[in-house]
Structures are given as structure tokens and as C-alpha cells.
>>> print(open('work-v5.txt').read())   # compact mmCIF, C-alpha atoms
# COMPACT_ATOMS: atom_id res chain seq x y z
CA MET R 1 -76.08 56.73 201.95
CA TRP R 2 -73.69 53.79 201.84
CA GLU R 3 -74.72 51.02 199.46
CA TYR R 4 -73.57 47.62 200.70
CA SER R 5 -71.92 45.42 198.10
CA GLU R 6 -73.55 42.23 196.89
CA LYS R 7 -70.78 40.26 198.56
CA VAL R 8 -71.57 41.76 201.97
CA LYS R 9 -75.22 40.88 201.49
CA GLU R 10 -74.31 37.36 200.39
CA HIS R 11 -72.15 36.73 203.46
CA PHE R 12 -74.82 38.18 205.75
CA PHE R 13 -77.89 36.42 204.38
CA ASN R 14 -76.02 33.19 203.56
CA PRO R 15 -72.96 33.16 205.84
CA LYS R 16 -70.22 30.69 205.00
CA ASN R 17 -68.84 28.28 207.60
CA ALA R 18 -71.21 29.31 210.38
CA GLY R 19 -71.59 26.98 213.35
CA VAL R 20 -69.48 24.91 215.72
CA LEU R 21 -66.28 23.19 214.56
CA ALA R 22 -65.95 19.93 216.49
CA GLY R 23 -62.31 19.29 215.57
CA ALA R 24 -61.07 22.81 216.29
CA ASN R 25 -57.56 23.05 217.72
CA ALA R 26 -57.41 26.87 217.64
CA ILE R 27 -60.08 29.12 219.10
CA GLY R 28 -60.22 32.90 219.30
CA GLU R 29 -62.93 34.87 221.09
CA ILE R 30 -63.35 38.63 220.84
CA GLY R 31 -65.90 41.11 222.14
CA ALA R 32 -68.70 40.73 224.61
CA LEU R 33 -72.48 40.65 224.37
CA ALA R 34 -72.57 43.68 226.67
CA CYS R 35 -70.75 45.69 224.00
CA GLY R 36 -73.10 44.60 221.25
CA ASP R 37 -70.69 42.47 219.17
CA ALA R 38 -69.05 39.14 219.93
CA LEU R 39 -67.18 36.67 217.74
CA LYS R 40 -65.86 33.15 218.30
CA LEU R 41 -63.56 31.85 215.57
CA MET R 42 -62.69 28.14 215.43
CA LEU R 43 -59.92 26.72 213.26
CA HIS R 44 -58.70 23.21 212.47
CA ILE R 45 -55.00 23.53 211.70
CA ASP R 46 -52.72 20.74 210.49
CA PRO R 47 -50.08 20.50 213.25
CA VAL R 48 -47.37 19.48 210.77
CA THR R 49 -47.90 21.75 207.77
CA GLU R 50 -49.65 24.49 209.81
CA ILE R 51 -52.24 24.88 207.07
CA VAL R 52 -55.77 25.93 208.05
CA LEU R 53 -57.93 23.01 206.94
CA GLU R 54 -61.28 24.19 208.31
CA ALA R 55 -62.71 27.37 209.79
CA LYS R 56 -66.05 28.12 211.41
CA PHE R 57 -67.48 30.93 213.47
CA GLN R 58 -70.25 31.99 215.80
CA ALA R 59 -71.08 35.68 215.86
CA TYR R 60 -73.49 38.01 217.59
CA GLY R 61 -73.92 41.47 216.20
CA CYS R 62 -74.92 43.43 213.12
CA GLY R 63 -74.88 42.26 209.53
CA SER R 64 -71.41 43.66 208.95
CA ALA R 65 -70.05 41.68 211.90
CA ILE R 66 -71.52 38.44 210.55
CA ALA R 67 -70.34 39.19 207.01
CA SER R 68 -66.81 40.02 208.26
CA ALA R 69 -66.58 36.75 210.19
CA SER R 70 -67.93 34.78 207.24
CA GLY R 71 -65.53 36.46 204.82
CA LEU R 72 -62.61 35.83 207.16
CA THR R 73 -63.24 32.07 207.22
CA GLU R 74 -63.17 32.06 203.42
CA LEU R 75 -59.88 33.95 203.44
CA VAL R 76 -58.02 31.73 205.92
CA ILE R 77 -58.97 28.25 204.68
CA ASN R 78 -56.00 26.61 202.88
CA LYS R 79 -53.66 29.35 204.14
CA THR R 80 -50.57 28.69 206.23
CA LEU R 81 -50.46 30.28 209.66
CA ALA R 82 -47.87 32.76 208.41
CA GLN R 83 -50.17 33.77 205.54
CA ALA R 84 -53.20 33.92 207.82
CA ARG R 85 -51.38 36.07 210.37
CA ALA R 86 -50.56 38.59 207.63
CA ILE R 87 -54.23 39.18 206.77
CA THR R 88 -55.28 42.69 207.80
CA SER R 89 -58.64 44.19 208.66
CA ARG R 90 -58.47 46.23 205.44
CA GLU R 91 -58.08 43.03 203.39
CA ILE R 92 -61.14 41.54 205.10
CA ALA R 93 -63.19 44.63 204.21
CA GLU R 94 -61.86 44.65 200.64
CA PHE R 95 -62.73 40.95 200.26
CA LEU R 96 -66.34 41.93 201.00
CA GLY R 97 -66.31 44.76 198.50
CA GLY R 98 -65.87 47.43 201.17
CA LEU R 99 -67.54 48.44 204.43
CA PRO R 100 -68.83 51.84 205.54
CA PRO R 101 -66.44 53.69 207.88
CA GLU R 102 -68.74 53.23 210.87
CA LYS R 103 -68.68 49.44 210.33
CA MET R 104 -64.94 48.98 209.85
CA HIS R 105 -64.69 47.93 213.51
CA CYS R 106 -66.42 44.68 212.45
CA ALA R 107 -63.49 43.82 210.17
CA VAL R 108 -61.10 44.80 212.99
CA MET R 109 -62.95 42.45 215.36
CA ALA R 110 -62.64 39.58 212.86
CA HIS R 111 -58.91 40.32 212.50
CA GLU R 112 -58.43 40.29 216.27
CA ALA R 113 -60.30 36.98 216.57
CA LEU R 114 -57.92 35.48 214.01
CA GLN R 115 -54.85 36.70 215.93
CA SER R 116 -56.34 35.28 219.14
CA ALA R 117 -56.95 31.88 217.50
CA ILE R 118 -53.42 31.70 216.12
CA ALA R 119 -52.01 32.54 219.55
CA ASN R 120 -54.23 29.85 221.06
CA PHE R 121 -52.82 27.29 218.62
CA ARG R 122 -49.28 28.35 219.58
CA GLY R 123 -50.07 27.90 223.24
CA GLU R 124 -49.75 31.62 223.90
CA ASP R 125 -52.04 33.71 226.10
CA TRP R 126 -53.10 36.37 223.62
CA ASN R 127 -55.46 37.96 226.12
CA SER R 128 -52.58 38.68 228.51
CA ASP R 129 -51.50 41.46 226.16
CA HIS R 130 -54.98 42.93 226.23
CA GLU R 131 -55.72 43.10 229.93
CA GLU R 132 -57.67 46.00 231.41
CA ALA R 133 -54.54 47.99 232.25
CA ALA R 134 -53.86 48.37 228.51
CA LEU R 135 -57.42 49.36 227.64
CA VAL R 136 -57.89 52.75 226.04
CA CYS R 137 -61.64 52.62 225.43
CA LYS R 138 -63.34 50.79 228.30
CA CYS R 139 -66.79 51.34 226.79
CA HIS R 140 -65.98 49.04 223.88
CA GLY R 141 -63.01 47.10 225.25
CA VAL R 142 -60.49 48.50 222.73
CA ASP R 143 -56.85 48.54 223.78
CA ALA R 144 -53.82 50.43 222.48
CA ALA R 145 -52.56 47.50 220.40
CA ILE R 146 -55.82 47.28 218.45
CA ILE R 147 -55.83 51.02 217.82
CA GLU R 148 -52.20 51.03 216.70
CA ARG R 149 -52.71 48.14 214.26
CA ALA R 150 -55.82 49.80 212.83
CA ILE R 151 -53.88 53.02 212.22
CA ARG R 152 -51.00 51.23 210.50
CA ASP R 153 -53.11 48.78 208.46
CA ASN R 154 -55.63 51.36 207.25
CA GLY R 155 -53.54 54.54 207.05
CA LEU R 156 -55.76 56.40 209.52
CA THR R 157 -54.95 60.07 210.15
CA ALA R 158 -57.83 61.35 212.30
CA VAL R 159 -59.32 60.38 215.66
CA GLU R 160 -62.74 60.16 214.02
CA GLN R 161 -61.38 57.57 211.59
CA VAL R 162 -60.00 55.54 214.50
CA GLY R 163 -63.43 55.64 216.13
CA ALA R 164 -65.16 54.50 212.97
CA CYS R 165 -62.64 51.71 212.44
CA THR R 166 -62.38 50.35 215.99
CA GLY R 167 -65.28 51.87 217.93
CA ALA R 168 -62.81 53.47 220.35
CA GLY R 169 -63.91 56.88 221.62
CA THR R 170 -67.49 56.58 220.35
CA GLY R 171 -68.94 56.04 223.82
CA CYS R 172 -68.26 58.38 226.71
CA THR R 173 -65.35 60.04 224.79
CA THR R 174 -63.15 60.21 227.92
CA CYS R 175 -60.45 58.28 226.02
CA TYR R 176 -60.32 60.83 223.19
CA GLU R 177 -56.97 62.35 224.26
CA ARG R 178 -55.32 58.93 224.67
CA ILE R 179 -56.46 57.95 221.17
CA GLU R 180 -55.05 61.22 219.83
CA ASP R 181 -51.70 60.56 221.55
CA ILE R 182 -51.50 57.09 219.98
CA LEU R 183 -52.45 58.50 216.59
CA LEU R 184 -49.76 61.18 216.71
CA ARG R 185 -47.12 58.70 217.86
CA VAL R 186 -47.91 56.06 215.23
CA THR R 187 -48.27 58.51 212.34
CA SER R 188 -44.94 60.09 213.36
CA GLU R 189 -43.31 56.64 213.34
CA VAL R 190 -44.82 55.85 209.94
CA ALA R 191 -43.67 59.20 208.52
CA ALA R 192 -40.16 58.66 209.89
CA ALA R 193 -40.03 55.14 208.43
CA GLN R 194 -41.16 56.41 205.04
CA ALA R 195 -38.56 59.17 205.12
CA MET R 196 -35.86 56.64 206.01
CA ALA R 197 -36.98 54.39 203.15
CA ARG R 198 -36.80 57.33 200.72
CA GLN R 199 -33.32 58.25 201.93
CA THR R 200 -32.16 54.63 201.60
CA GLU R 201 -33.57 54.43 198.09
CA GLY R 202 -31.90 57.74 197.20
CA ARG R 203 -28.53 56.52 198.46
CA ALA R 204 -28.94 53.29 196.46
CA HIS R 205 -29.65 55.26 193.29
CA SER R 206 -26.68 57.56 193.95
CA ALA R 207 -24.37 54.58 194.48
CA GLU R 208 -25.59 53.02 191.23
CA ALA R 209 -24.99 56.29 189.37
CA VAL R 210 -21.44 56.52 190.75
CA ALA R 211 -20.78 52.91 189.77
CA GLU R 212 -22.10 53.52 186.27
CA THR R 213 -19.87 56.58 185.90
CA GLY R 214 -16.88 54.53 187.01
CA ARG R 215 -17.63 51.79 184.51
CA ALA R 216 -17.89 54.35 181.72
CA SER R 217 -14.57 55.95 182.64
CA ARG R 218 -12.86 52.55 182.61
CA ALA R 219 -14.19 51.60 179.15
CA PRO R 220 -11.27 50.97 176.70
CA ALA R 221 -10.63 53.83 174.27
CA ALA R 222 -11.07 53.12 170.55
CA SER R 223 -7.85 52.45 168.63
CA GLU R 224 -6.43 55.06 166.28
CA GLY R 225 -7.32 52.88 163.31
CA SER R 226 -10.87 52.42 164.39
CA ARG R 227 -11.24 56.13 165.13
CA ALA R 228 -9.87 57.01 161.66
CA GLY R 229 -12.29 54.70 159.89
CA SER R 230 -15.32 55.61 161.96
CA VAL R 231 -17.87 58.34 161.58
CA ASN R 232 -19.07 60.27 164.62
CA LEU R 233 -22.80 60.55 164.10
CA PHE R 234 -23.00 63.21 166.78
CA SER R 235 -20.33 65.49 165.26
CA ALA R 236 -21.55 68.65 163.55
CA ALA R 237 -18.69 68.33 161.03
CA THR R 238 -19.79 64.91 159.77
CA ARG R 239 -23.57 65.52 159.96
CA PRO R 240 -25.11 66.03 156.50
CA ALA R 241 -26.15 69.61 155.89
CA SER R 242 -29.70 68.51 155.19
CA ALA R 243 -30.00 66.66 158.45
CA ALA R 244 -32.07 68.53 160.98
CA PRO R 245 -30.63 68.84 164.47
CA ALA R 246 -31.93 66.27 166.90
CA ARG R 247 -34.90 67.47 168.90
CA PRO R 248 -35.72 66.38 172.40
CA PRO R 249 -38.90 64.31 172.64
CA ALA R 250 -41.99 66.39 173.22
CA GLN R 251 -43.10 66.40 176.81
CA ARG R 252 -46.71 65.62 177.51
CA PRO R 253 -48.50 67.98 179.84
CA ALA R 254 -48.90 66.44 183.23
CA ALA R 255 -52.44 65.42 184.14
CA GLU R 256 -54.03 67.68 186.67
CA ALA R 257 -53.86 66.05 190.08
CA SER R 258 -56.86 65.80 192.37
CA PRO R 259 -56.74 68.89 194.61
CA LEU R 260 -57.28 66.89 197.79
CA SER R 261 -55.08 63.93 196.91
CA PRO R 262 -51.88 63.62 198.97
CA ALA R 263 -49.02 65.70 197.66
CA SER R 264 -45.83 64.11 196.42
CA PRO R 265 -43.93 62.77 199.42
CA LEU R 266 -41.39 65.21 200.77
CA PRO R 267 -38.67 64.53 203.31
CA PRO R 268 -39.73 65.64 206.78
CA PRO R 269 -38.54 69.10 207.79
CA SER R 270 -35.56 69.46 210.06
CA ALA R 271 -36.12 69.75 213.77
CA GLY R 272 -35.11 73.39 213.46
CA MET R 273 -38.14 74.43 211.40
CA THR R 274 -39.52 77.56 212.96
CA ASN R 275 -43.18 77.81 213.92
CA LEU R 276 -43.53 80.79 211.56
CA LYS R 277 -42.22 78.77 208.62
CA LYS R 278 -44.58 75.93 209.51
CA ILE R 279 -47.57 78.29 209.61
CA ARG R 280 -46.60 79.85 206.28
CA LEU R 281 -46.36 76.42 204.67
CA ILE R 282 -49.80 75.53 206.06
CA GLU R 283 -51.21 78.82 204.76
CA GLU R 284 -49.75 78.25 201.29
CA THR R 285 -51.10 74.70 201.11
CA ILE R 286 -54.62 75.67 202.17
CA GLU R 287 -54.56 78.69 199.83
CA ASP R 288 -53.77 76.35 196.92
CA LEU R 289 -56.71 74.12 197.82
CA ARG R 290 -59.16 77.01 198.17
CA VAL R 291 -59.10 77.52 194.40
CA TYR R 292 -60.61 74.08 193.85
CA LEU R 293 -63.10 74.35 196.70
CA ARG R 294 -64.39 77.67 195.39
CA LYS R 295 -65.12 76.07 192.02
CA ASP R 296 -67.68 73.88 193.81
CA GLY R 297 -69.15 76.79 195.75
CA GLY R 298 -67.29 76.08 198.99
CA ASP R 299 -64.29 77.54 200.77
CA CYS R 300 -61.84 76.83 203.57
CA GLU R 301 -59.99 79.43 205.62
CA LEU R 302 -57.15 78.93 208.09
CA ILE R 303 -58.17 80.16 211.55
CA ASP R 304 -55.30 79.16 213.83
CA VAL R 305 -52.44 76.70 214.35
CA ASP R 306 -52.24 75.28 217.86
CA GLY R 307 -49.36 72.83 218.07
CA SER R 308 -50.32 69.88 215.88
CA ASN R 309 -53.91 71.14 215.54
CA VAL R 310 -54.83 73.15 212.43
CA LEU R 311 -58.11 75.00 212.94
CA VAL R 312 -60.02 75.83 209.75
CA SER R 313 -63.39 77.35 208.90
CA LEU R 314 -65.49 75.72 206.18
CA THR R 315 -67.92 78.06 204.44
CA GLY R 316 -70.27 78.08 201.48
CA ALA R 317 -71.26 74.72 200.02
CA CYS R 318 -68.80 72.97 202.38
CA VAL R 319 -71.05 73.73 205.36
CA GLY R 320 -73.39 70.82 206.03
CA CYS R 321 -72.10 68.92 203.00
CA GLN R 322 -72.15 65.13 203.39
CA MET R 323 -68.61 65.08 201.96
CA ALA R 324 -67.29 67.67 204.43
CA SER R 325 -65.46 65.01 206.44
CA VAL R 326 -63.81 63.76 203.24
CA THR R 327 -62.73 67.33 202.44
CA VAL R 328 -61.25 67.76 205.92
CA SER R 329 -59.41 64.42 205.65
CA GLY R 330 -58.08 65.41 202.23
CA ILE R 331 -56.77 68.73 203.56
CA GLN R 332 -55.20 66.92 206.51
CA GLU R 333 -53.43 64.35 204.33
CA ARG R 334 -52.18 67.12 202.06
CA LEU R 335 -50.71 69.02 205.02
CA ILE R 336 -49.09 65.88 206.47
CA ALA R 337 -47.45 65.19 203.10
CA LYS R 338 -46.20 68.79 202.86
CA LEU R 339 -44.96 69.13 206.45
CA GLY R 340 -43.68 65.60 206.92
CA VAL R 341 -45.17 65.51 210.44
CA PRO R 342 -48.66 64.51 211.65
CA VAL R 343 -51.21 67.26 212.10
CA ARG R 344 -54.93 67.24 212.80
CA VAL R 345 -57.32 69.47 210.87
CA ILE R 346 -60.28 70.61 212.98
CA PRO R 347 -63.21 72.49 211.43
CA VAL R 348 -64.40 75.29 213.72
CA GLY R 349 -66.58 78.40 213.55
CA ARG R 350 -65.18 81.82 212.67
CA SER R 351 -65.41 82.83 216.35
CA ALA R 352 -62.68 80.31 217.26
CA HIS R 353 -59.91 82.86 216.65
>>> encode(input="work-v5.txt", output="C-alpha cells")
Amino acid sequence: MWEYSEKVKEHFFNPKNAGVLAGANAIGEIGALACGDALKLMLHIDPVTEIVLEAKFQAYGCGSAIASASGLTELVINKTLAQARAITSREIAEFLGGLPPEKMHCAVMAHEALQSAIANFRGEDWNSDHEEAALVCKCHGVDAAIIERAIRDNGLTAVEQVGACTGAGTGCTTCYERIEDILLRVTSEVAAAQAMARQTEGRAHSAEAVAETGRASRAPAASEGSRAGSVNLFSAATRPASAAPARPPAQRPAAEASPLSPASPLPPPSAGMTNLKKIRLIEETIEDLRVYLRKDGGDCELIDVDGSNVLVSLTGACVGCQMASVTVSGIQERLIAKLGVPVRVIPVGRSAH
């Protein structure tokens, strides 16, 4: 059971900056009473320096929604608009000491209210980008932009995580496939951007190495006189007989990595990777993880690979375990790191194959 932090309790029982702000010149409203959560954020921004001087809110919803709104006001006061705009939903949750996954949508709502207020100050119609045509989850009024930002800001890799973070797909579930499409697209873009960054960094290191080699080759040679009067400390002929040969420094054994932590980033596979090679890589990765799961009395077996879906069967202590979802997420992140492309791990029964 999730234990709320003292800071969440403090901001719920004694919310900061609650009420109406008479001198507000930026207002953002998110949610609707019909959906269960609603938030109105009011800011007083200096029109010259664009520093947030005051912030107040009115909220209707659960304790996490009130705490998120209260925490947000504390975060934005004395910030410039540029600094305030950069605040993410994850930072709001971290400011409170963390929120349970099923309440992360409260931090997302606070973040969206902030973006709406900033747009209002700029004279922009923020809601025009969030009209019904762009809605993905009509049950909770969550559009594609909100889902995409939540995925990027929080590193989400599963549809269930998107639902916990934004509320999308937790109603009638008819939007499940659209959420999955957005998730695959965004995670692919993130993976491609990370691969590009690694390649750029590699080229920079290679260029530096070439430059260093060039500088060494251009270094002036020692004069004959200086060579005659010098002693080469690295020459076997001039090394004292009693001197022991230099030994390379002892290498410390690497600490054992967490079995379900993401693997070291690898460049994404080429477009020509065969499906057979992909399946074999998935099999090898899961087989490596089974050793650790078996130590705790559980097990995981690959059942099938259907496109980007990896079907697995959890057995033993993994069945019904409260941490089963964490295990599945860990396996999924490990596979994404190995393959370089987004995949979704789905636990199924043995009859699925």
C-alpha cells in the first residue's frame, strides 16, 4: 500500500495559496466537475520582468489534486515565465515527495493548468489546441498533446502507465488503441533522438582523438644533445635490474547490476533486422532475466512475439504478486534498451500460444 509523504499530507490538510487572487492577470482552468477533478490556477505576473509574483488556486477533487495544485503554486512563485513553463508534472510530484501511479494524473492536471495560465497571459487561446477533435479519451477529457507530454516527461513505456499518469483509457477503454499508437510513436521518436545524440557524441570524441593524434605527431623532436643526455625511463636497457616491470592497475570487479534495470544503451538495430534475429534477441534477454526471477521463486517464459507485442507467461511467485507490474515494466524496459525500438510486454496465460 502506498504511503503518502508528509509533504503531500501537509499540502492537503494545510494547502498553500488556496483561494481567489483578486489581481490575477493569468488564469488557467483544467478539468470539469463531471470528470471528478477541476482546477483553476490564478497568477499575478509582472508584465515587465515576467516574474510570477503571486499564485493562488481553487481545486475540486481528491487530496492528491489539492496537494498538486498547492505544491505547484509554491514552485512557480518568484519564477520567470520561461522557468515556470519548463516545470514538468514529474517535478511537481517530486516536490511533494512522490505520488502513487494512479494519482499522477493530478500532477499532470496541475501542469496543464499552468500551461493554460501562461498562454492566457500571452493572449493565446490554449484551449484551441485541445478541442474535442483532438481528444483521445473523451471519458476524462485527455487529448493527444497531454498524453505525449506525459510520456516524454515521465519516461512512460506502457499504456497502463499512461492511464495511471493521465487517466486516459481508464474509463470505457475504447481509446486504448489510440493511446498505444501515440505511445509507440513517441517512444520511437525518443529512441531515435537518443541514438542520434549517442552518434553525435561518438563523432565528437573521434574528432577529438584525431586532433590529439595530430598534435602529438607535430610535437618537435628532442635535439641530439638532449637525447644524448637524457634517460628513457621506459627503456628496458636503462631500467635498473632490480626494478620490477610496471603492472597495470588492478581492475575492480564490476558491481552486479539490478536484473530488471535498463541495459546499457545500444544503438538501434538497422531497418534490415530480420524478425528471426529480433525474436532470438528477445529470447536471450528474457532467458538472462529468468535466472534472477527464479531466485525469488518466480519465472517468466516467452510465449509469442506479435509485431511490437511480446507475450510472456509469469509463473510461480510472480503470479498474483503486488510487484508483478513492476517486473513486467522492468522486462519491457530491458527489451527496449536491447532492441532499440519500442515494444510492449503483455503477461498472458500459457494457453495464449
>>> residues_around(input="work-v5.txt", residues="R:Ser188", least_positions_apart="4", cutoff="10 Å", atoms="only C-alpha atoms", output="short mmCIF file (atom, residue, chain, number, x, y, z; two decimals) with C-alpha atoms, keeping the file's coordinate frame")
data_model
loop_
_atom_site.label_atom_id
_atom_site.label_comp_id
_atom_site.auth_asym_id
_atom_site.auth_seq_id
_atom_site.Cartn_x
_atom_site.Cartn_y
_atom_site.Cartn_z
CA ILE R 182 -51.50 57.09 219.98
CA LEU R 183 -52.45 58.50 216.59
CA LEU R 184 -49.76 61.18 216.71
CA ALA R 192 -40.16 58.66 209.89
CA ALA R 193 -40.03 55.14 208.43
CA GLN R 194 -41.16 56.41 205.04
CA ILE R 336 -49.09 65.88 206.47
CA GLY R 340 -43.68 65.60 206.92
CA VAL R 341 -45.17 65.51 210.44
CA PRO R 342 -48.66 64.51 211.65
CA VAL R 343 -51.21 67.26 212.10
#
>>> axis_aligned_box(input="work-v5.txt", around="stretch 187-202 of chain R", padding_each_side="6 Å", output="JSON")
{"center_x": -40.1, "center_y": 57.2, "center_z": 205.3, "size_x": 28.4, "size_y": 17.7, "size_z": 28.2}
>>> atom_distance(input="work-v5.txt", atom1="atom CA of R:His11", atom2="atom CA of R:Glu94")
13.3 Å
>>> closest_residue(input="work-v5.txt", among="R:Val136, R:Leu293, R:Ala55, R:Leu41", to="R:Lys79", atoms="all atoms listed in the file")
R:Ala55
>>> atom_distance(input="work-v5.txt", atom1="atom CA of R:Ile30", atom2="atom CA of R:Ala119")
12.9 Å
>>> closest_atom_pairs(input="work-v5.txt", of="stretch 58-144 of chain R", to="stretch 154-162 of chain R", cutoff="12 Å", atoms="all atoms listed in the file", output="CSV")
residue,atom,partner,partner_atom,distance
R:Thr88,CA,R:Asn154,CA,8.7
R:Ser89,CA,R:Asn154,CA,7.9
R:Arg90,CA,R:Asn154,CA,6.1
R:Glu91,CA,R:Asn154,CA,9.5
R:Ile92,CA,R:Asn154,CA,11.5
R:Ala93,CA,R:Asn154,CA,10.6
R:Glu94,CA,R:Asn154,CA,11.3
R:Pro100,CA,R:Gln161,CA,11.2
R:Pro101,CA,R:Gln161,CA,7.4
R:Glu102,CA,R:Gln161,CA,8.6
R:Lys103,CA,R:Gln161,CA,11.0
R:Met104,CA,R:Val162,CA,9.4
R:His105,CA,R:Val162,CA,9.0
R:Ala107,CA,R:Asn154,CA,11.3
R:Val108,CA,R:Asn154,CA,10.3
R:Cys137,CA,R:Val162,CA,11.4
R:Val142,CA,R:Val162,CA,10.8
R:Ala144,CA,R:Val162,CA,11.3
>>> atom_distance(input="work-v5.txt", atom1="atom CA of R:Glu301", atom2="atom CA of R:Ile286")
7.4 Å
>>> residues_around(input="work-v5.txt", residues="R:Leu39", least_positions_apart="3", cutoff="10 Å", atoms="all atoms listed in the file", output="count of residues only")
20
>>> closest_residue(input="work-v5.txt", among="R:Ala145, R:Leu281, R:Val328, R:Ala117", to="R:Asp299", atoms="only C-alpha atoms")
R:Val328
>>> residues_around(input="work-v5.txt", residues="R:Ile279", least_positions_apart="2", cutoff="10 Å", atoms="only C-alpha atoms", output="PDB file with C-alpha atoms, keeping the file's coordinate frame")
ATOM      1  CA  THR R 274     -39.520  77.560 212.960  1.00  0.00           C
ATOM      2  CA  ASN R 275     -43.180  77.810 213.920  1.00  0.00           C
ATOM      3  CA  LEU R 276     -43.530  80.790 211.560  1.00  0.00           C
ATOM      4  CA  LYS R 277     -42.220  78.770 208.620  1.00  0.00           C
ATOM      5  CA  LEU R 281     -46.360  76.420 204.670  1.00  0.00           C
ATOM      6  CA  ILE R 282     -49.800  75.530 206.060  1.00  0.00           C
ATOM      7  CA  GLU R 283     -51.210  78.820 204.760  1.00  0.00           C
ATOM      8  CA  GLU R 284     -49.750  78.250 201.290  1.00  0.00           C
ATOM      9  CA  THR R 285     -51.100  74.700 201.110  1.00  0.00           C
ATOM     10  CA  LEU R 302     -57.150  78.930 208.090  1.00  0.00           C
ATOM     11  CA  ASP R 304     -55.300  79.160 213.830  1.00  0.00           C
ATOM     12  CA  VAL R 305     -52.440  76.700 214.350  1.00  0.00           C
ATOM     13  CA  ASP R 306     -52.240  75.280 217.860  1.00  0.00           C
ATOM     14  CA  VAL R 310     -54.830  73.150 212.430  1.00  0.00           C
TER      15      VAL R 310
END
>>> residues_near_point(input="work-v5.txt", point="(-53.7, 68.7, 204.6)", cutoff="9 Å", atoms="only C-alpha atoms", output="PyMOL selection string")
chain R and resi 260+262-263+282+285-286+328-339+343-345
>>> residues_around(input="work-v5.txt", residues="R:Asn14", least_positions_apart="2", cutoff="12 Å", atoms="all atoms listed in the file", output="JSON, numbers by chain")
{"R": [6, 7, 8, 9, 10, 11, 12, 16, 17, 18, 63, 66, 67, 70, 71]}
>>> residues_around(input="work-v5.txt", residues="R:Ile45", least_positions_apart="2", cutoff="12 Å", atoms="only C-alpha atoms", output="count of residues only")
30
>>> closest_residue(input="work-v5.txt", among="R:Ile87, R:Val326, R:Leu114, R:Leu289", to="R:Lys40", atoms="only C-alpha atoms")
R:Leu114
